[in-house]
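Novice: Just so it is clear, I am handing over final-v4.pdb, which has PDB, C-alpha atoms.
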ATOM      1  CA  MET A  15      53.015 -73.681  67.008
ATOM      2  CA  GLU A  16      53.132 -71.628  63.831
ATOM      3  CA  LEU A  17      56.284 -69.834  62.798
ATOM      4  CA  SER A  18      55.764 -66.545  61.029
ATOM      5  CA  MET A  19      58.473 -65.365  58.673
ATOM      6  CA  SER A  20      58.710 -61.723  57.697
ATOM      7  CA  PRO A  21      59.139 -61.074  53.983
ATOM      8  CA  LEU A  22      62.777 -61.257  52.928
ATOM      9  CA  GLN A  23      64.279 -59.349  50.049
ATOM     10  CA  ILE A  24      66.833 -60.291  47.440
ATOM     11  CA  TYR A  25      69.251 -57.466  46.797
ATOM     12  CA  VAL A  26      71.178 -56.824  43.621
ATOM     13  CA  GLU A  27      74.657 -55.359  44.029
ATOM     14  CA  LYS A  28      74.987 -51.679  43.138
ATOM     15  CA  THR A  29      77.931 -49.494  42.251
ATOM     16  CA  LEU A  30      78.456 -45.833  41.481
ATOM     17  CA  ALA A  31      79.485 -44.777  37.988
ATOM     18  CA  ILE A  32      80.499 -41.255  37.002
ATOM     19  CA  ILE A  33      80.853 -39.873  33.496
ATOM     20  CA  LYS A  34      83.464 -37.185  34.054
ATOM     21  CA  PRO A  35      83.171 -33.579  32.808
ATOM     22  CA  ASP A  36      85.259 -33.844  29.634
ATOM     23  CA  ILE A  37      83.148 -36.644  28.100
ATOM     24  CA  VAL A  38      79.639 -35.722  29.239
ATOM     25  CA  ASP A  39      78.752 -35.231  25.575
ATOM     26  CA  LYS A  40      79.239 -39.021  25.154
ATOM     27  CA  GLU A  41      76.641 -39.823  27.816
ATOM     28  CA  GLU A  42      74.055 -41.421  25.526
ATOM     29  CA  GLU A  43      76.695 -43.567  23.830
ATOM     30  CA  ILE A  44      78.124 -44.723  27.176
ATOM     31  CA  GLN A  45      74.700 -45.453  28.660
ATOM     32  CA  ASP A  46      73.969 -47.666  25.664
ATOM     33  CA  ILE A  47      77.173 -49.649  26.367
ATOM     34  CA  ILE A  48      76.225 -49.897  30.049
ATOM     35  CA  ILE A  49      72.776 -51.313  29.300
ATOM     36  CA  ARG A  50      74.085 -53.709  26.651
ATOM     37  CA  SER A  51      76.593 -54.958  29.243
ATOM     38  CA  GLY A  52      73.768 -56.164  31.480
ATOM     39  CA  PHE A  53      73.514 -53.266  33.919
ATOM     40  CA  THR A  54      70.359 -51.491  35.013
ATOM     41  CA  ILE A  55      70.674 -47.740  35.531
ATOM     42  CA  VAL A  56      68.779 -47.405  38.800
ATOM     43  CA  GLN A  57      69.184 -43.652  39.148
ATOM     44  CA  ARG A  58      70.924 -40.902  37.214
ATOM     45  CA  ARG A  59      71.609 -37.253  37.869
ATOM     46  CA  LYS A  60      73.592 -34.535  36.130
ATOM     47  CA  LEU A  61      75.295 -32.062  38.431
ATOM     48  CA  GLN A  62      78.335 -29.855  38.841
ATOM     49  CA  LEU A  63      80.438 -30.275  41.952
ATOM     50  CA  SER A  64      82.323 -27.467  43.638
ATOM     51  CA  PRO A  65      86.027 -28.009  44.425
ATOM     52  CA  GLU A  66      84.994 -28.469  48.070
ATOM     53  CA  HIS A  67      82.494 -31.213  47.149
ATOM     54  CA  CYS A  68      85.157 -32.919  45.036
ATOM     55  CA  SER A  69      87.571 -32.798  47.973
ATOM     56  CA  ASN A  70      84.975 -34.496  50.160
ATOM     57  CA  PHE A  71      84.194 -37.127  47.539
ATOM     58  CA  TYR A  72      87.876 -37.971  46.993
ATOM     59  CA  VAL A  73      88.808 -37.598  50.662
ATOM     60  CA  GLU A  74      90.819 -40.847  50.583
ATOM     61  CA  GLN A  75      93.142 -39.270  47.999
ATOM     62  CA  TYR A  76      93.764 -36.175  50.125
ATOM     63  CA  GLY A  77      97.437 -35.281  50.464
ATOM     64  CA  LYS A  78      98.551 -36.975  47.268
ATOM     65  CA  MET A  79     100.456 -34.992  44.638
ATOM     66  CA  PHE A  80      97.645 -35.172  42.058
ATOM     67  CA  PHE A  81      94.861 -34.187  44.475
ATOM     68  CA  PRO A  82      94.621 -30.454  43.509
ATOM     69  CA  ASN A  83      94.539 -31.346  39.790
ATOM     70  CA  LEU A  84      91.937 -34.045  40.445
ATOM     71  CA  THR A  85      89.533 -31.708  42.262
ATOM     72  CA  ALA A  86      90.046 -28.998  39.609
ATOM     73  CA  TYR A  87      89.308 -31.498  36.835
ATOM     74  CA  MET A  88      86.218 -32.975  38.506
ATOM     75  CA  SER A  89      84.774 -29.515  39.230
ATOM     76  CA  SER A  90      85.543 -28.130  35.752
ATOM     77  CA  GLY A  91      82.049 -28.817  34.385
ATOM     78  CA  PRO A  92      78.898 -30.912  34.753
ATOM     79  CA  LEU A  93      79.241 -34.653  35.322
ATOM     80  CA  VAL A  94      76.762 -37.518  35.254
ATOM     81  CA  ALA A  95      76.433 -39.799  38.283
ATOM     82  CA  MET A  96      74.611 -43.120  37.980
ATOM     83  CA  ILE A  97      73.734 -45.999  40.260
ATOM     84  CA  LEU A  98      74.306 -49.211  38.315
ATOM     85  CA  ALA A  99      72.879 -52.564  39.369
ATOM     86  CA  ARG A 100      73.504 -56.157  38.284
ATOM     87  CA  HIS A 101      75.033 -59.352  39.649
ATOM     88  CA  LYS A 102      78.581 -58.511  40.838
ATOM     89  CA  ALA A 103      78.080 -54.939  39.637
ATOM     90  CA  ILE A 104      81.241 -53.566  41.281
ATOM     91  CA  SER A 105      83.687 -56.023  39.738
ATOM     92  CA  TYR A 106      81.963 -56.090  36.326
ATOM     93  CA  TRP A 107      81.934 -52.291  36.083
ATOM     94  CA  LYS A 108      85.619 -52.114  37.067
ATOM     95  CA  GLU A 109      86.387 -54.708  34.402
ATOM     96  CA  LEU A 110      84.470 -52.709  31.795
ATOM     97  CA  LEU A 111      86.350 -49.529  32.792
ATOM     98  CA  GLY A 112      89.842 -51.014  32.536
ATOM     99  CA  PRO A 113      93.005 -49.660  34.233
ATOM    100  CA  SER A 114      92.696 -46.267  35.946
ATOM    101  CA  ASN A 115      95.464 -44.814  33.763
ATOM    102  CA  SER A 116      94.000 -44.376  30.284
ATOM    103  CA  LEU A 117      97.452 -44.509  28.693
ATOM    104  CA  VAL A 118      98.001 -47.945  30.221
ATOM    105  CA  ALA A 119      94.454 -48.987  29.295
ATOM    106  CA  LYS A 120      95.102 -48.140  25.629
ATOM    107  CA  GLU A 121      98.089 -50.515  25.687
ATOM    108  CA  THR A 122      96.771 -53.397  27.789
ATOM    109  CA  HIS A 123      92.940 -53.161  27.517
ATOM    110  CA  PRO A 124      92.218 -51.353  24.221
ATOM    111  CA  ASP A 125      88.517 -52.275  24.306
ATOM    112  CA  SER A 126      87.940 -50.865  27.802
ATOM    113  CA  LEU A 127      85.973 -47.652  28.331
ATOM    114  CA  ARG A 128      88.950 -45.737  29.705
ATOM    115  CA  ALA A 129      91.029 -46.731  26.683
ATOM    116  CA  ILE A 130      88.290 -45.531  24.333
ATOM    117  CA  TYR A 131      87.206 -42.336  26.106
ATOM    118  CA  GLY A 132      90.086 -41.435  28.425
ATOM    119  CA  THR A 133      93.102 -39.220  27.765
ATOM    120  CA  ASP A 134      95.683 -39.910  30.476
ATOM    121  CA  ASP A 135      96.131 -40.852  34.130
ATOM    122  CA  LEU A 136      94.099 -37.871  35.404
ATOM    123  CA  ARG A 137      91.495 -37.488  32.655
ATOM    124  CA  ASN A 138      90.439 -41.111  32.582
ATOM    125  CA  ALA A 139      86.817 -40.462  31.538
ATOM    126  CA  LEU A 140      84.867 -42.544  34.051
ATOM    127  CA  HIS A 141      84.732 -43.482  37.711
ATOM    128  CA  GLY A 142      83.755 -46.738  39.385
ATOM    129  CA  SER A 143      83.553 -47.672  43.052
ATOM    130  CA  TYR A 144      86.540 -49.715  44.256
ATOM    131  CA  ASP A 145      84.636 -52.072  46.571
ATOM    132  CA  PHE A 146      81.335 -52.462  48.412
ATOM    133  CA  ALA A 147      82.243 -50.027  51.215
ATOM    134  CA  ALA A 148      83.280 -47.388  48.673
ATOM    135  CA  ALA A 149      80.113 -47.980  46.617
ATOM    136  CA  GLU A 150      77.956 -47.529  49.696
ATOM    137  CA  ARG A 151      79.689 -44.281  50.693
ATOM    138  CA  GLU A 152      79.794 -42.849  47.160
ATOM    139  CA  ILE A 153      76.151 -43.646  46.388
ATOM    140  CA  ARG A 154      75.120 -41.906  49.613
ATOM    141  CA  PHE A 155      77.283 -38.918  48.654
ATOM    142  CA  MET A 156      75.806 -38.502  45.166
ATOM    143  CA  PHE A 157      72.279 -39.724  45.991
ATOM    144  CA  PRO A 158      71.687 -38.891  49.669
ATOM    145  CA  GLU A 159      68.017 -39.900  49.462
ATOM    146  CA  VAL A 160      68.839 -43.474  48.381
ATOM    147  CA  ILE A 161      68.945 -46.335  50.871
ATOM    148  CA  VAL A 162      71.794 -48.736  50.101
ATOM    149  CA  GLU A 163      70.732 -52.207  51.171
ATOM    150  CA  PRO A 164      73.182 -54.709  52.620
ATOM    151  CA  ILE A 165      74.005 -57.740  50.491
ATOM    152  CA  PRO A 166      72.341 -60.766  52.154
ATOM    153  CA  VAL A 167      73.998 -64.036  52.977
ATOM    154  CA  GLY A 168      73.064 -66.910  50.717
ATOM    155  CA  GLN A 169      70.596 -68.456  53.151
ATOM    156  CA  ALA A 170      68.415 -65.340  53.165
ATOM    157  CA  ALA A 171      68.044 -65.563  49.394
ATOM    158  CA  LYS A 172      67.279 -69.305  49.607
ATOM    159  CA  ASP A 173      64.638 -68.725  52.289
ATOM    160  CA  TYR A 174      62.990 -66.042  50.193
ATOM    161  CA  LEU A 175      62.905 -68.228  47.083
ATOM    162  CA  ASN A 176      61.602 -71.273  48.964
ATOM    163  CA  LEU A 177      58.865 -69.287  50.652
ATOM    164  CA  TYR A 178      57.703 -66.850  47.986
ATOM    165  CA  VAL A 179      58.899 -67.988  44.562
ATOM    166  CA  THR A 180      59.414 -71.743  44.264
ATOM    167  CA  PRO A 181      55.842 -72.909  45.101
ATOM    168  CA  THR A 182      54.232 -70.652  42.469
ATOM    169  CA  LEU A 183      56.956 -71.319  39.917
ATOM    170  CA  LEU A 184      56.595 -75.092  40.316
ATOM    171  CA  LYS A 185      52.859 -74.833  39.704
ATOM    172  CA  GLY A 186      53.481 -72.786  36.587
ATOM    173  CA  LEU A 187      56.136 -75.176  35.254
ATOM    174  CA  THR A 188      53.874 -78.164  35.897
ATOM    175  CA  GLU A 189      51.051 -76.510  33.960
ATOM    176  CA  LEU A 190      53.520 -75.569  31.227
ATOM    177  CA  CYS A 191      54.459 -79.235  30.756
ATOM    178  CA  LYS A 192      50.784 -80.150  30.481
ATOM    179  CA  GLN A 193      49.963 -77.425  27.960
ATOM    180  CA  LYS A 194      53.158 -77.666  25.847
ATOM    181  CA  PRO A 195      52.663 -74.195  24.256
ATOM    182  CA  ALA A 196      54.521 -73.149  21.104
ATOM    183  CA  ASP A 197      56.305 -70.321  22.956
ATOM    184  CA  PRO A 198      56.880 -71.607  26.502
ATOM    185  CA  CYS A 199      58.611 -68.458  27.799
ATOM    186  CA  ILE A 200      55.762 -66.125  26.788
ATOM    187  CA  TRP A 201      53.190 -68.618  28.066
ATOM    188  CA  LEU A 202      54.938 -68.905  31.438
ATOM    189  CA  ALA A 203      55.266 -65.117  31.732
ATOM    190  CA  ASP A 204      51.524 -64.710  31.095
ATOM    191  CA  TRP A 205      50.699 -67.518  33.536
ATOM    192  CA  LEU A 206      52.814 -65.932  36.293
ATOM    193  CA  LEU A 207      51.123 -62.574  35.751
ATOM    194  CA  LYS A 208      47.675 -64.165  36.100
ATOM    195  CA  ASN A 209      48.598 -66.385  39.045
ATOM    196  CA  ASN A 210      50.863 -64.076  41.029
ATOM    197  CA  PRO A 211      49.742 -64.622  44.655
ATOM    198  CA  ASN A 212      51.113 -61.192  45.622
ATOM    199  CA  LYS A 213      49.303 -59.090  43.045
ATOM    200  CA  PRO A 214      47.213 -56.306  44.605
ATOM    201  CA  LYS A 215      43.530 -56.937  45.282
ATOM    202  CA  LEU A 216      41.352 -54.335  43.613
ATOM    203  CA  CYS A 217      38.473 -52.900  45.538
ATOM    204  CA  HIS A 218      35.255 -52.875  43.479
ATOM    205  CA  HIS A 219      33.093 -51.113  46.053
ATOM    206  CA  PRO A 220      31.495 -47.910  44.732
ATOM    207  CA  VAL A 221      33.207 -44.720  45.815
ATOM    208  CA  VAL A 222      30.954 -42.339  47.722
ATOM    209  CA  GLU A 223      31.902 -38.708  47.292
TER     210      GLU A 223
END
How does the structure come out when it is put into structure tokens?

Specialist:
Amino acid sequence: MELSMSPLQIYVEKTLAIIKPDIVDKEEEIQDIIIRSGFTIVQRRKLQLSPEHCSNFYVEQYGKMFFPNLTAYMSSGPLVAMILARHKAISYWKELLGPSNSLVAKETHPDSLRAIYGTDDLRNALHGSYDFAAAEREIRFMFPEVIVEPIPVGQAAKDYLNLYVTPTLLKGLTELCKQKPADPCIWLADWLLKNNPNKPKLCHHPVVE
């Protein structure tokens, strides 16, 4: 009896980042920091939210004293929303941001983004999702066309690697040891490109118009 296994996928954690209206002119500089910190910018869009949209985005803050000022600030001009991806993206992005109050950040985390670009508790320059549930909701809000994949349990990743990656990689590493090239990383990359079992098959039949 043969067991068929459907292709599994390995997912990389994603989080939502927002460059707030008062520092949009620093976008290129901030994106450079993001990329150098190991993140991939999966999607980006520049938009201006209405006060109503801001109220919906920050619905969990509704009723708090600062809520009217927050929605006014976030709707005061264009902002940049980005989906960031990397291992433990949510916690690493929060760490890079620093404390939510920029005045505190300047004292305790002077190298953090909010210390560098923020002004005070309200105008703290950048946003990051608090946890996975918030990231999922916020990404859907800013990028409604994007599907946010669930993070798999460890066994799913192991099954995928054992079935689709390890056999080919072992062959490549074995050949690498035989060849002993001067630049093993480049050689292995080229070998994997040539021997990828999942690369598309090209049709060479003539096309009849």

Novice: Please report the interatomic distance between atom CA of A:Arg59 and atom CA of A:Lys28 in Å with one decimal.

Specialist: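 It comes out at 15.7 Å.
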
Novice: How many Å separate atom CA of A:Glu66 from atom CA of A:Asn115?

Specialist: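 One can read the atom CA of A:Glu66 to atom CA of A:Asn115 distance as 24.1 Å.
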
Novice: Leaving out stretch 39-56 of chain A and any residue of its chain fewer than 4 positions from it, which residues lie within 7 Å of it when counting all atoms listed in the file, given as a PyMOL selection string?

Specialist: chain A and resi 96-100

Novice: For C-alpha atoms, I'd like the residues from the last selection saved as a compact mmCIF listing (two decimals), keeping the file's coordinate frame.

Specialist:
# COMPACT_ATOMS: atom_id res chain seq x y z
CA MET A 96 74.61 -43.12 37.98
CA ILE A 97 73.73 -46.00 40.26
CA LEU A 98 74.31 -49.21 38.32
CA ALA A 99 72.88 -52.56 39.37
CA ARG A 100 73.50 -56.16 38.28

Novice: What is the distance, in Å and to one decimal place, between atom CA of A:Pro35 and atom CA of A:Ala148?

Specialist: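 Distance between the two atoms: 21.0 Å.
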
Novice: Leaving out A:Ala86 and any residue of its chain fewer than 3 positions from it, which residues lie within 9 Å of it when counting all atoms listed in the file, given as number ranges by chain?

Specialist: A: 64-65, 68, 81-83, 89-90

Novice: Using only C-alpha atoms, which of A:Leu30, A:Ala203, A:Leu111, A:Leu183 sits nearest A:Phe146?

Specialist: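 So, comparing all the options, the nearest one is A:Leu30.
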
Novice: For A:Pro113, which residue among A:Thr29, A:Asn138, A:Gln193, A:Thr188 is the nearest when counting all atoms listed in the file?

Specialist: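 That would be A:Asn138, the residue with the smallest distance to A:Pro113.
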
Novice: Using all atoms listed in the file, determine which residues lie at most 9 Å from stretch 125-135 of chain A, disregarding the query and same-chain residues fewer than 4 positions distant; provide the list as a ChimeraX atom specification.

Specialist: /A:37,40,44,109-121,139-140

Novice: Can you translate the PyMOL selection byres ((chain A and resi 145) around 12) into the concrete residues it hits in this file, as a short mmCIF file (atom, residue, chain, number, x, y, z; two decimals) with C-alpha atoms, in the coordinates of the input?

Specialist:
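After the write, expr27.cif holds the following:
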data_model
loop_
_atom_site.label_atom_id
_atom_site.label_comp_id
_atom_site.auth_asym_id
_atom_site.auth_seq_id
_atom_site.Cartn_x
_atom_site.Cartn_y
_atom_site.Cartn_z
CA GLU A 27 74.66 -55.36 44.03
CA LYS A 28 74.99 -51.68 43.14
CA THR A 29 77.93 -49.49 42.25
CA LEU A 30 78.46 -45.83 41.48
CA LYS A 102 78.58 -58.51 40.84
CA ALA A 103 78.08 -54.94 39.64
CA ILE A 104 81.24 -53.57 41.28
CA SER A 105 83.69 -56.02 39.74
CA TYR A 106 81.96 -56.09 36.33
CA TRP A 107 81.93 -52.29 36.08
CA LYS A 108 85.62 -52.11 37.07
CA GLY A 142 83.76 -46.74 39.38
CA SER A 143 83.55 -47.67 43.05
CA TYR A 144 86.54 -49.72 44.26
CA PHE A 146 81.33 -52.46 48.41
CA ALA A 147 82.24 -50.03 51.22
CA ALA A 148 83.28 -47.39 48.67
CA ALA A 149 80.11 -47.98 46.62
CA GLU A 150 77.96 -47.53 49.70
CA ARG A 151 79.69 -44.28 50.69
CA GLU A 152 79.79 -42.85 47.16
CA ILE A 153 76.15 -43.65 46.39
#

Novice: Check the smallest atom-to-atom distance from each of A:Leu93, A:Leu61, A:Leu190, A:Leu84 to A:Asp36 using all atoms listed in the file, then report the winner.

Specialist: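 Closest residue, counting all atoms listed in the file: A:Leu93.
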
Novice: Within 8 Å of (72.6, -40.8, 44.1) (coordinates as in the file), grab all the protein and nucleic acid residues, counting only C-alpha atoms, and write them out as a PyMOL selection string.

Specialist: chain A and resi 57-59+95-97+153-160
